[in-house]
Amino acid sequence: MEAKIIDKYSRKIYPWIFLAFLAGSILSIVNLLNVFYLAKGNVENLLTWPGSQILPLIMYKRGILQQDFLVKALSETPYVHTANILEKILPISHSNLIASFVLLTSYARGFNKLLTVLAVGTTVVLGTKSFKLKTTNLFSIFAFLFFIYLIPSGFNYINLILDGHRLGWWGLPICKSFYPCGISNLFGLLALLGSLIIACNWIGSKYRYRVLLYLPGISFYLIALYLHPIIPLFVILISAIIRITCIRTNKVSNEWNLLILFYILSWLLYAIAINTLYGSAQPIDGLELFNIYVRDSHPYHYLPSYYINEVTVQRLLLNMLVMLTCVLTVSNIRHHRRIVYLFSISSITCALFITICQYIGVELLHNQLMVKLGISRLSPSYNFLYLCTITSTIVSIFQYYRENKIISKINLCFISAFNYLLIKIKAIFIISILTFSIISGICYSMILSGFDQAPSFKMSRAIQELGIDSRTEFLFLGKTSKTFRLPREIGHLNVYTDYYFPFNPAYLNEWQSRQDKSVILEQCLFLNRASNEIDSPDCSLVKEMKPDLIIVSDESLEGINLLSKINIEESPVYLYDLNSLENNQ
């Protein structure tokens with residue numbers, strides 16, 4: 001009876017769309033609640049790194065932050081493509097903009113996890129030919145993957161065993177946030193999933209113009225390419241590996257050969273186009289780019305000598321032990337062992353290939369193209385195939401021991417659960433929509449209520465009351481750089497320099513110059529002035545800085561014009577006019 005009900009619904013598409021939405025909503029809500037727990041009600045903790053790249057660009061397009069150095073640099077990169085879309089759909093009110101962005105970030109994380117589950121699961125189905133079995137036998141695959149992503153990220157060793165080590169600080173899902181990488185990842189995974197569904201023959205193979213079935217996936221790929229030029233490389237790599245490991249029929253293999261060729265050619269054309277549009281008018285030396293962008297700022301993404309340490313080796317060895325266990329398991333039961341072997345070998349090959357390319361191209365040769373590509377971003381392909389290895393092993397065990405009472409009961413539980421969902425689909429759909437909306441509304445209200453308490457917002461209000469020109473830049477020294485974590489995003493302040501990085505080679509030299517001058521100024525104000533050495537060489541370089549720069553300090557200074565003293569979280573913060581220091585010298 002249960003099988004008949006599921007088979008009846010399996011011929012319709014809307015129940016599966018609903019189940020996918022329900023799964024994505026659950027993952028999004030779990031992620032949203034986890035984020036609020038970790039943030040502990042602090043609005044500034046809710047905005048992760050992507051907020052520092054996209055929110056300022058949206059504000060820039062709305063006429064704010066026109067003098068901010070970082071934002072001007074970002075406006076001349078492909079990041080602006082994502083800002084163009086979000087600027088049109090997010091609210092005008094700034095507090096509502098922040099709250100909506102936080103929710104979108106959480107939703108994107110949840111649905112990125114869902115698409116990863118579907119892509120990995122469908123790859124395993126294709127590799128093990130499980131799609132030839134009854135529909136009811138597929139549920140255990142996707143249920144296993146779904147529960148993996150219900151486990152919070154704080155369970156490090158469980159995540160490490162199930163997901164694999166984050167090589168180069170990148171893991172699965174490829175990107176967990178709503179920013180150029182994240183939204184591009186959504187469309188990239190949709191493109192991969194669409195092609196996998198066609199290869200599995202789940203939508204029929206008797207269609208006269210079968211090649212047209214690939215058009216939606218191709219469209220998703222082109223959107224992903226437009227939003228972020230690097231993430232689609234993951235789609236190309238995984239598609240090529242799936243073609244080698246899983247696809248062996250002539251008809252499907254020919255289709256995938258053409259598809260991969262199209263992906264490669266379109267990526268090359270777009271790479272040439274964006275290099276022309278966003279290429280640096282003032283090219284930077286390869287060694288200088290390496291020193292500023294890689295060695296001093298992002299060694300954890302680029303340098304194997306940095307991220308391949310003792311801990312990394314231990315974690316990779318643990319992953320290898322897990323894959324070896326999978327290989328030995330299927331070799332004993334002799335069921336689907338070929339695909340498990342191929343997945344495990346491909347996973348290790350990807351890890352070695354990407355690491356070697358990084359080491360030679362970036363660490364040894366300091367090649368500009370390799371630095372700009374950031375090929376370590378492809379390291380989630382290792383995690384993708386690692387998870388395919390584990391999942392295909394579980395499929396092998398379940399199918400080989402399908403007559404076992406325990407295995408039968410586990411399958412029956414999954415089947416019964418999905419059967420119940422399909423029978424009560426309308427009621428559950430309404431309940432899920434209401435639950436999703438209520439939790440989202442509560443979180444939205446919590447963000448709005450905490451917005452006015454953010455230190456950066458209080459600073460902005462104080463500056464407005466002083467009547468300071470909106471074009472003025474601010475430099476945060478001492479502990480204030482930690483107090484005011486998001487002066488751009490929440491406070492609308494033009495920041496002279498901070499740890500945020502302009503992903504634009506044309507601005508790197510100026511960024512480094514600003515960093516150096518800010519260090520010199522801090523030495524002048526906090527060290528030399530304390531010892532009455534105002535005429536030191538360090539202080540003489542202050543004249544090179546902008547005269548309309550305002551210093552934000554947590555310490556009281558003498559000999560410089562105090563504009564205002566304000567209290568933030570019961571601590572005094574001082575605003576000083578740099579121009580007065582220059583005149584005093």
# chains A, B, ... in the order shown; residues from 1 in each chain; ligands from 1
>>> select_by_dssp(residues="region 338-406 of chain A", states="alpha helix (DSSP H)", output="PDB file with N, CA and C atoms, in the first residue's frame")
ATOM      1  N   ARG A 338      33.023  -0.671  -7.835  1.00  0.00           N
ATOM      2  CA  ARG A 338      33.710   0.130  -8.865  1.00  0.00           C
ATOM      3  C   ARG A 338      33.506   1.619  -8.617  1.00  0.00           C
ATOM      4  N   ILE A 339      32.252   2.021  -8.371  1.00  0.00           N
ATOM      5  CA  ILE A 339      31.968   3.456  -8.230  1.00  0.00           C
ATOM      6  C   ILE A 339      32.557   3.994  -6.928  1.00  0.00           C
ATOM      7  N   VAL A 340      32.589   3.199  -5.877  1.00  0.00           N
ATOM      8  CA  VAL A 340      33.208   3.628  -4.618  1.00  0.00           C
ATOM      9  C   VAL A 340      34.702   3.842  -4.826  1.00  0.00           C
ATOM     10  N   TYR A 341      35.336   2.935  -5.551  1.00  0.00           N
ATOM     11  CA  TYR A 341      36.753   3.092  -5.868  1.00  0.00           C
ATOM     12  C   TYR A 341      36.987   4.395  -6.642  1.00  0.00           C
ATOM     13  N   LEU A 342      36.147   4.629  -7.657  1.00  0.00           N
ATOM     14  CA  LEU A 342      36.336   5.813  -8.509  1.00  0.00           C
ATOM     15  C   LEU A 342      36.114   7.106  -7.726  1.00  0.00           C
ATOM     16  N   PHE A 343      35.085   7.129  -6.879  1.00  0.00           N
ATOM     17  CA  PHE A 343      34.827   8.330  -6.084  1.00  0.00           C
ATOM     18  C   PHE A 343      35.994   8.617  -5.130  1.00  0.00           C
ATOM     19  N   SER A 344      36.495   7.588  -4.466  1.00  0.00           N
ATOM     20  CA  SER A 344      37.579   7.797  -3.498  1.00  0.00           C
ATOM     21  C   SER A 344      38.864   8.228  -4.196  1.00  0.00           C
ATOM     22  N   ILE A 345      39.185   7.602  -5.318  1.00  0.00           N
ATOM     23  CA  ILE A 345      40.391   7.975  -6.065  1.00  0.00           C
ATOM     24  C   ILE A 345      40.267   9.399  -6.607  1.00  0.00           C
ATOM     25  N   SER A 346      39.081   9.753  -7.118  1.00  0.00           N
ATOM     26  CA  SER A 346      38.857  11.104  -7.655  1.00  0.00           C
ATOM     27  C   SER A 346      38.978  12.154  -6.557  1.00  0.00           C
ATOM     28  N   SER A 347      38.469  11.832  -5.369  1.00  0.00           N
ATOM     29  CA  SER A 347      38.537  12.779  -4.254  1.00  0.00           C
ATOM     30  C   SER A 347      39.986  13.080  -3.881  1.00  0.00           C
ATOM     31  N   ILE A 348      40.788  12.026  -3.736  1.00  0.00           N
ATOM     32  CA  ILE A 348      42.202  12.209  -3.386  1.00  0.00           C
ATOM     33  C   ILE A 348      42.941  12.942  -4.510  1.00  0.00           C
ATOM     34  N   THR A 349      42.624  12.599  -5.749  1.00  0.00           N
ATOM     35  CA  THR A 349      43.267  13.242  -6.898  1.00  0.00           C
ATOM     36  C   THR A 349      42.977  14.732  -6.921  1.00  0.00           C
ATOM     37  N   CYS A 350      41.716  15.112  -6.652  1.00  0.00           N
ATOM     38  CA  CYS A 350      41.345  16.537  -6.622  1.00  0.00           C
ATOM     39  C   CYS A 350      42.141  17.280  -5.550  1.00  0.00           C
ATOM     40  N   ALA A 351      42.229  16.683  -4.369  1.00  0.00           N
ATOM     41  CA  ALA A 351      42.958  17.334  -3.276  1.00  0.00           C
ATOM     42  C   ALA A 351      44.425  17.549  -3.646  1.00  0.00           C
ATOM     43  N   LEU A 352      45.046  16.525  -4.222  1.00  0.00           N
ATOM     44  CA  LEU A 352      46.457  16.634  -4.609  1.00  0.00           C
ATOM     45  C   LEU A 352      46.643  17.622  -5.754  1.00  0.00           C
ATOM     46  N   PHE A 353      45.779  17.531  -6.759  1.00  0.00           N
ATOM     47  CA  PHE A 353      45.894  18.391  -7.937  1.00  0.00           C
ATOM     48  C   PHE A 353      45.778  19.868  -7.561  1.00  0.00           C
ATOM     49  N   ILE A 354      44.765  20.202  -6.777  1.00  0.00           N
ATOM     50  CA  ILE A 354      44.530  21.603  -6.395  1.00  0.00           C
ATOM     51  C   ILE A 354      45.675  22.115  -5.523  1.00  0.00           C
ATOM     52  N   THR A 355      46.120  21.297  -4.585  1.00  0.00           N
ATOM     53  CA  THR A 355      47.213  21.710  -3.697  1.00  0.00           C
ATOM     54  C   THR A 355      48.512  21.919  -4.469  1.00  0.00           C
ATOM     55  N   ILE A 356      48.822  21.016  -5.384  1.00  0.00           N
ATOM     56  CA  ILE A 356      50.050  21.142  -6.181  1.00  0.00           C
ATOM     57  C   ILE A 356      49.983  22.385  -7.076  1.00  0.00           C
ATOM     58  N   CYS A 357      48.826  22.609  -7.694  1.00  0.00           N
ATOM     59  CA  CYS A 357      48.668  23.808  -8.531  1.00  0.00           C
ATOM     60  C   CYS A 357      48.863  25.075  -7.710  1.00  0.00           C
ATOM     61  N   GLN A 358      48.285  25.092  -6.515  1.00  0.00           N
ATOM     62  CA  GLN A 358      48.454  26.249  -5.637  1.00  0.00           C
ATOM     63  C   GLN A 358      49.915  26.454  -5.266  1.00  0.00           C
ATOM     64  N   GLN A 368      50.343  35.799 -11.464  1.00  0.00           N
ATOM     65  CA  GLN A 368      49.206  36.681 -11.225  1.00  0.00           C
ATOM     66  C   GLN A 368      47.880  36.004 -11.532  1.00  0.00           C
ATOM     67  N   LEU A 369      47.833  35.258 -12.638  1.00  0.00           N
ATOM     68  CA  LEU A 369      46.590  34.595 -13.024  1.00  0.00           C
ATOM     69  C   LEU A 369      46.142  33.605 -11.959  1.00  0.00           C
ATOM     70  N   MET A 370      47.091  32.840 -11.408  1.00  0.00           N
ATOM     71  CA  MET A 370      46.753  31.868 -10.379  1.00  0.00           C
ATOM     72  C   MET A 370      46.289  32.549  -9.101  1.00  0.00           C
ATOM     73  N   VAL A 371      46.896  33.695  -8.783  1.00  0.00           N
ATOM     74  CA  VAL A 371      46.467  34.452  -7.604  1.00  0.00           C
ATOM     75  C   VAL A 371      45.048  34.961  -7.791  1.00  0.00           C
ATOM     76  N   LYS A 372      44.762  35.497  -8.970  1.00  0.00           N
ATOM     77  CA  LYS A 372      43.425  36.046  -9.223  1.00  0.00           C
ATOM     78  C   LYS A 372      42.362  34.951  -9.264  1.00  0.00           C
ATOM     79  N   LEU A 373      42.717  33.779  -9.814  1.00  0.00           N
ATOM     80  CA  LEU A 373      41.746  32.694  -9.899  1.00  0.00           C
ATOM     81  C   LEU A 373      41.418  32.117  -8.528  1.00  0.00           C
ATOM     82  N   PRO A 380      36.370  22.377  -2.560  1.00  0.00           N
ATOM     83  CA  PRO A 380      35.151  21.634  -2.204  1.00  0.00           C
ATOM     84  C   PRO A 380      34.850  20.461  -3.125  1.00  0.00           C
ATOM     85  N   SER A 381      35.496  20.402  -4.304  1.00  0.00           N
ATOM     86  CA  SER A 381      35.322  19.226  -5.158  1.00  0.00           C
ATOM     87  C   SER A 381      35.835  17.980  -4.431  1.00  0.00           C
ATOM     88  N   TYR A 382      36.879  18.161  -3.619  1.00  0.00           N
ATOM     89  CA  TYR A 382      37.382  17.055  -2.791  1.00  0.00           C
ATOM     90  C   TYR A 382      36.313  16.607  -1.811  1.00  0.00           C
ATOM     91  N   ASN A 383      35.666  17.571  -1.135  1.00  0.00           N
ATOM     92  CA  ASN A 383      34.623  17.247  -0.167  1.00  0.00           C
ATOM     93  C   ASN A 383      33.404  16.626  -0.843  1.00  0.00           C
ATOM     94  N   PHE A 384      33.060  17.138  -2.020  1.00  0.00           N
ATOM     95  CA  PHE A 384      31.923  16.616  -2.781  1.00  0.00           C
ATOM     96  C   PHE A 384      32.125  15.127  -3.073  1.00  0.00           C
ATOM     97  N   LEU A 385      33.287  14.776  -3.574  1.00  0.00           N
ATOM     98  CA  LEU A 385      33.571  13.388  -3.933  1.00  0.00           C
ATOM     99  C   LEU A 385      33.799  12.519  -2.692  1.00  0.00           C
ATOM    100  N   TYR A 386      34.326  13.122  -1.631  1.00  0.00           N
ATOM    101  CA  TYR A 386      34.475  12.408  -0.362  1.00  0.00           C
ATOM    102  C   TYR A 386      33.098  11.987   0.163  1.00  0.00           C
ATOM    103  N   LEU A 387      32.150  12.914   0.099  1.00  0.00           N
ATOM    104  CA  LEU A 387      30.790  12.608   0.551  1.00  0.00           C
ATOM    105  C   LEU A 387      30.122  11.599  -0.381  1.00  0.00           C
ATOM    106  N   CYS A 388      30.427  11.671  -1.677  1.00  0.00           N
ATOM    107  CA  CYS A 388      29.926  10.666  -2.621  1.00  0.00           C
ATOM    108  C   CYS A 388      30.458   9.283  -2.264  1.00  0.00           C
ATOM    109  N   THR A 389      31.708   9.206  -1.840  1.00  0.00           N
ATOM    110  CA  THR A 389      32.305   7.921  -1.451  1.00  0.00           C
ATOM    111  C   THR A 389      31.553   7.298  -0.283  1.00  0.00           C
ATOM    112  N   ILE A 390      31.297   8.105   0.767  1.00  0.00           N
ATOM    113  CA  ILE A 390      30.594   7.598   1.946  1.00  0.00           C
ATOM    114  C   ILE A 390      29.171   7.190   1.593  1.00  0.00           C
ATOM    115  N   THR A 391      28.485   8.040   0.829  1.00  0.00           N
ATOM    116  CA  THR A 391      27.088   7.770   0.497  1.00  0.00           C
ATOM    117  C   THR A 391      26.943   6.540  -0.387  1.00  0.00           C
ATOM    118  N   SER A 392      27.816   6.404  -1.377  1.00  0.00           N
ATOM    119  CA  SER A 392      27.740   5.232  -2.262  1.00  0.00           C
ATOM    120  C   SER A 392      28.045   3.946  -1.495  1.00  0.00           C
ATOM    121  N   THR A 393      28.897   4.037  -0.484  1.00  0.00           N
ATOM    122  CA  THR A 393      29.171   2.859   0.359  1.00  0.00           C
ATOM    123  C   THR A 393      27.924   2.456   1.139  1.00  0.00           C
ATOM    124  N   ILE A 394      27.227   3.447   1.674  1.00  0.00           N
ATOM    125  CA  ILE A 394      25.987   3.168   2.407  1.00  0.00           C
ATOM    126  C   ILE A 394      24.932   2.566   1.484  1.00  0.00           C
ATOM    127  N   VAL A 395      24.846   3.085   0.251  1.00  0.00           N
ATOM    128  CA  VAL A 395      23.917   2.518  -0.728  1.00  0.00           C
ATOM    129  C   VAL A 395      24.269   1.058  -1.003  1.00  0.00           C
ATOM    130  N   SER A 396      25.570   0.801  -1.139  1.00  0.00           N
ATOM    131  CA  SER A 396      26.031  -0.571  -1.398  1.00  0.00           C
ATOM    132  C   SER A 396      25.630  -1.512  -0.260  1.00  0.00           C
ATOM    133  N   ILE A 397      25.832  -1.054   0.968  1.00  0.00           N
ATOM    134  CA  ILE A 397      25.484  -1.878   2.141  1.00  0.00           C
ATOM    135  C   ILE A 397      23.981  -2.132   2.186  1.00  0.00           C
ATOM    136  N   PHE A 398      23.191  -1.067   1.967  1.00  0.00           N
ATOM    137  CA  PHE A 398      21.740  -1.191   2.044  1.00  0.00           C
ATOM    138  C   PHE A 398      21.211  -2.142   0.974  1.00  0.00           C
ATOM    139  N   GLN A 399      21.772  -2.066  -0.223  1.00  0.00           N
ATOM    140  CA  GLN A 399      21.267  -2.910  -1.300  1.00  0.00           C
ATOM    141  C   GLN A 399      21.726  -4.367  -1.142  1.00  0.00           C
ATOM    142  N   TYR A 400      22.932  -4.544  -0.660  1.00  0.00           N
ATOM    143  CA  TYR A 400      23.450  -5.905  -0.497  1.00  0.00           C
ATOM    144  C   TYR A 400      22.727  -6.631   0.638  1.00  0.00           C
ATOM    145  N   LYS A 405      16.786  -7.738   8.458  1.00  0.00           N
ATOM    146  CA  LYS A 405      15.653  -7.150   9.174  1.00  0.00           C
ATOM    147  C   LYS A 405      15.915  -5.703   9.583  1.00  0.00           C
ATOM    148  N   ILE A 406      17.142  -5.441  10.072  1.00  0.00           N
ATOM    149  CA  ILE A 406      17.453  -4.072  10.523  1.00  0.00           C
ATOM    150  C   ILE A 406      17.429  -3.105   9.342  1.00  0.00           C
TER     151      ILE A 406
END
>>> closest_atom_pairs(of="region 289-337 of chain A", to="region 107-130 of chain A", cutoff="12 Å", atoms="only C-alpha atoms", output="JSON lines")
{"residue": "A:His335", "atom": "CA", "partner": "A:Thr128", "partner_atom": "CA", "distance": 9.2}
{"residue": "A:His336", "atom": "CA", "partner": "A:Thr128", "partner_atom": "CA", "distance": 6.1}
{"residue": "A:Arg337", "atom": "CA", "partner": "A:Thr128", "partner_atom": "CA", "distance": 9.2}
>>> write_last_selection(atoms="N, CA and C atoms", output="PDB file, in the first residue's frame")
ATOM      1  N   HIS A 335      29.644  -5.114  -4.019  1.00  0.00           N
ATOM      2  CA  HIS A 335      28.437  -4.494  -4.552  1.00  0.00           C
ATOM      3  C   HIS A 335      28.727  -3.009  -4.772  1.00  0.00           C
ATOM      4  N   HIS A 336      28.650  -2.562  -6.008  1.00  0.00           N
ATOM      5  CA  HIS A 336      28.939  -1.175  -6.372  1.00  0.00           C
ATOM      6  C   HIS A 336      30.373  -0.779  -6.016  1.00  0.00           C
ATOM      7  N   ARG A 337      31.280  -1.713  -5.961  1.00  0.00           N
ATOM      8  CA  ARG A 337      32.629  -1.385  -5.526  1.00  0.00           C
ATOM      9  C   ARG A 337      33.351  -0.500  -6.539  1.00  0.00           C
TER      10      ARG A 337
END
>>> closest_residue(among="A:Thr472, A:Thr480, A:Ser95, A:Gln67", to="Glu555 (chain A)", atoms="only C-alpha atoms")
A:Thr480
>>> closest_residue(among="A:Tyr226, A:Phe101, A:Phe220, A:Trp170", to="Ala271 (chain A)", atoms="only C-alpha atoms")
A:Tyr226
>>> residues_around(residues="Pro487 (chain A)", least_positions_apart="4", cutoff="10 Å", atoms="only C-alpha atoms", output="JSON, numbers by chain")
{"A": [44, 52, 454, 455, 456, 457, 459, 460, 474, 476, 481, 483, 491, 492, 493, 494, 495]}
>>> closest_residue(among="A:Lys409, A:Lys72, A:His81, A:His366", to="Leu289 (chain A)", atoms="only C-alpha atoms")
A:His366
>>> residues_around(residues="Ser28 (chain A)", least_positions_apart="4", cutoff="12 Å", atoms="only C-alpha atoms", output="VMD selection string")
chain A and resid 21 to 24 32 to 35 102 to 114 149 to 150 152 176 to 177 435 to 437 439 to 440
>>> write_last_selection(atoms="C-alpha atoms", output="PDB file, in the first residue's frame")
ATOM      1  CA  PHE A  21      11.136  23.408  -0.324  1.00  0.00           C
ATOM      2  CA  LEU A  22      10.312  21.824   3.024  1.00  0.00           C
ATOM      3  CA  ALA A  23      13.848  20.417   3.360  1.00  0.00           C
ATOM      4  CA  GLY A  24      15.438  23.735   2.386  1.00  0.00           C
ATOM      5  CA  LEU A  32      19.022  30.911  11.263  1.00  0.00           C
ATOM      6  CA  LEU A  33      18.519  29.837  14.886  1.00  0.00           C
ATOM      7  CA  ASN A  34      22.150  28.701  15.084  1.00  0.00           C
ATOM      8  CA  VAL A  35      23.322  32.097  13.808  1.00  0.00           C
ATOM      9  CA  VAL A 102      20.643  38.684   7.462  1.00  0.00           C
ATOM     10  CA  LEU A 103      17.556  36.598   6.679  1.00  0.00           C
ATOM     11  CA  LEU A 104      18.552  36.163   3.034  1.00  0.00           C
ATOM     12  CA  THR A 105      22.000  35.050   4.173  1.00  0.00           C
ATOM     13  CA  SER A 106      20.463  32.371   6.379  1.00  0.00           C
ATOM     14  CA  TYR A 107      18.033  31.228   3.688  1.00  0.00           C
ATOM     15  CA  ALA A 108      20.844  30.991   1.140  1.00  0.00           C
ATOM     16  CA  ARG A 109      22.908  28.889   3.529  1.00  0.00           C
ATOM     17  CA  GLY A 110      20.009  26.500   4.010  1.00  0.00           C
ATOM     18  CA  PHE A 111      19.214  26.110   0.319  1.00  0.00           C
ATOM     19  CA  ASN A 112      22.904  25.831  -0.567  1.00  0.00           C
ATOM     20  CA  LYS A 113      23.001  22.843   1.779  1.00  0.00           C
ATOM     21  CA  LEU A 114      19.854  21.420   0.191  1.00  0.00           C
ATOM     22  CA  TYR A 149      23.515  18.975   7.238  1.00  0.00           C
ATOM     23  CA  LEU A 150      21.159  19.173  10.205  1.00  0.00           C
ATOM     24  CA  PRO A 152      25.409  22.165  13.555  1.00  0.00           C
ATOM     25  CA  LYS A 176      27.413  29.267   2.993  1.00  0.00           C
ATOM     26  CA  SER A 177      26.363  32.882   2.559  1.00  0.00           C
ATOM     27  CA  THR A 435       6.189  28.073  10.845  1.00  0.00           C
ATOM     28  CA  PHE A 436       8.772  29.429   8.425  1.00  0.00           C
ATOM     29  CA  SER A 437       7.043  32.825   8.348  1.00  0.00           C
ATOM     30  CA  ILE A 439      10.229  32.203  12.933  1.00  0.00           C
ATOM     31  CA  SER A 440      11.467  34.557  10.217  1.00  0.00           C
TER      32      SER A 440
END
>>> residues_around(residues="Gly188 (chain A)", least_positions_apart="6", cutoff="7 Å", atoms="only C-alpha atoms", output="PyMOL selection string")
chain A and resi 220-221+224+232+235
>>> select_by_dssp(residues="region 311-534 of chain A", states="strand (DSSP E)", output="PDB file with N, CA, C and O atoms, in the first residue's frame")
ATOM      1  N   GLU A 473      36.361  61.106   5.893  1.00  0.00           N
ATOM      2  CA  GLU A 473      36.799  59.735   6.157  1.00  0.00           C
ATOM      3  C   GLU A 473      37.205  59.602   7.627  1.00  0.00           C
ATOM      4  O   GLU A 473      37.683  60.559   8.241  1.00  0.00           O
ATOM      5  N   PHE A 474      37.052  58.401   8.149  1.00  0.00           N
ATOM      6  CA  PHE A 474      37.342  58.127   9.552  1.00  0.00           C
ATOM      7  C   PHE A 474      38.376  57.013   9.660  1.00  0.00           C
ATOM      8  O   PHE A 474      38.336  56.024   8.920  1.00  0.00           O
ATOM      9  N   LEU A 475      39.301  57.211  10.603  1.00  0.00           N
ATOM     10  CA  LEU A 475      40.312  56.188  10.870  1.00  0.00           C
ATOM     11  C   LEU A 475      40.170  55.757  12.323  1.00  0.00           C
ATOM     12  O   LEU A 475      40.281  56.572  13.243  1.00  0.00           O
ATOM     13  N   PHE A 476      39.917  54.476  12.549  1.00  0.00           N
ATOM     14  CA  PHE A 476      39.700  53.941  13.888  1.00  0.00           C
ATOM     15  C   PHE A 476      41.009  53.360  14.403  1.00  0.00           C
ATOM     16  O   PHE A 476      41.576  52.439  13.803  1.00  0.00           O
ATOM     17  N   ASN A 494      32.507  56.692   5.963  1.00  0.00           N
ATOM     18  CA  ASN A 494      33.595  56.421   5.027  1.00  0.00           C
ATOM     19  C   ASN A 494      34.838  56.081   5.834  1.00  0.00           C
ATOM     20  O   ASN A 494      35.323  56.898   6.608  1.00  0.00           O
ATOM     21  N   VAL A 495      35.359  54.890   5.643  1.00  0.00           N
ATOM     22  CA  VAL A 495      36.501  54.432   6.432  1.00  0.00           C
ATOM     23  C   VAL A 495      37.782  54.631   5.627  1.00  0.00           C
ATOM     24  O   VAL A 495      37.869  54.209   4.476  1.00  0.00           O
TER      25      VAL A 495
END
>>> residues_around(residues="region 376-379 of chain A", least_positions_apart="6", cutoff="6 Å", atoms="only C-alpha atoms", output="list in words")
Leu167, Gly168 and Phe234 of chain A
>>> write_last_selection(atoms="C-alpha atoms", output="PDB file, in the first residue's frame")
ATOM      1  CA  LEU A 167      41.125  22.241   2.469  1.00  0.00           C
ATOM      2  CA  GLY A 168      42.348  25.813   2.033  1.00  0.00           C
ATOM      3  CA  PHE A 234      33.653  23.940  -9.708  1.00  0.00           C
TER       4      PHE A 234
END
>>> residues_around(residues="region 314-321 of chain A", least_positions_apart="3", cutoff="9 Å", atoms="only C-alpha atoms", output="ChimeraX atom specification")
/A:160-162,164-165,167,309-311,324-326,344,348,386
>>> decode(residues="region 514-529 of chain A", atoms="N, CA and C atoms", output="tab-separated table (two decimals), in the first residue's frame")
chain	number	residue	atom	x	y	z
A	514	ARG	N	47.87	53.20	2.49
A	514	ARG	CA	47.00	53.66	3.58
A	514	ARG	C	47.25	52.86	4.86
A	515	GLN	N	47.44	51.57	4.71
A	515	GLN	CA	47.73	50.75	5.88
A	515	GLN	C	49.02	51.20	6.56
A	516	ASP	N	50.06	51.44	5.76
A	516	ASP	CA	51.36	51.85	6.30
A	516	ASP	C	51.25	53.20	7.00
A	517	LYS	N	50.54	54.15	6.37
A	517	LYS	CA	50.41	55.48	6.96
A	517	LYS	C	49.60	55.45	8.25
A	518	SER	N	48.60	54.59	8.30
A	518	SER	CA	47.81	54.51	9.52
A	518	SER	C	48.66	53.99	10.68
A	519	VAL	N	49.57	53.05	10.39
A	519	VAL	CA	50.48	52.53	11.42
A	519	VAL	C	51.41	53.64	11.89
A	520	ILE	N	51.92	54.42	10.94
A	520	ILE	CA	52.82	55.54	11.28
A	520	ILE	C	52.09	56.56	12.15
A	521	LEU	N	50.85	56.87	11.77
A	521	LEU	CA	50.07	57.84	12.53
A	521	LEU	C	49.82	57.34	13.95
A	522	GLU	N	49.50	56.07	14.07
A	522	GLU	CA	49.24	55.52	15.40
A	522	GLU	C	50.50	55.57	16.27
A	523	GLN	N	51.65	55.30	15.67
A	523	GLN	CA	52.90	55.42	16.42
A	523	GLN	C	53.13	56.86	16.85
A	524	CYS	N	52.80	57.79	15.96
A	524	CYS	CA	52.99	59.21	16.27
A	524	CYS	C	52.11	59.63	17.44
A	525	LEU	N	50.85	59.21	17.39
A	525	LEU	CA	49.89	59.66	18.40
A	525	LEU	C	50.07	58.98	19.75
A	526	PHE	N	50.34	57.68	19.73
A	526	PHE	CA	50.35	56.92	20.98
A	526	PHE	C	51.74	56.71	21.58
A	527	LEU	N	52.79	56.69	20.73
A	527	LEU	CA	54.13	56.43	21.24
A	527	LEU	C	54.95	57.71	21.32
A	528	ASN	N	55.13	58.38	20.19
A	528	ASN	CA	55.99	59.57	20.16
A	528	ASN	C	55.44	60.71	21.00
A	529	ARG	N	54.12	60.91	20.97
A	529	ARG	CA	53.56	62.00	21.75
A	529	ARG	C	53.69	61.73	23.25
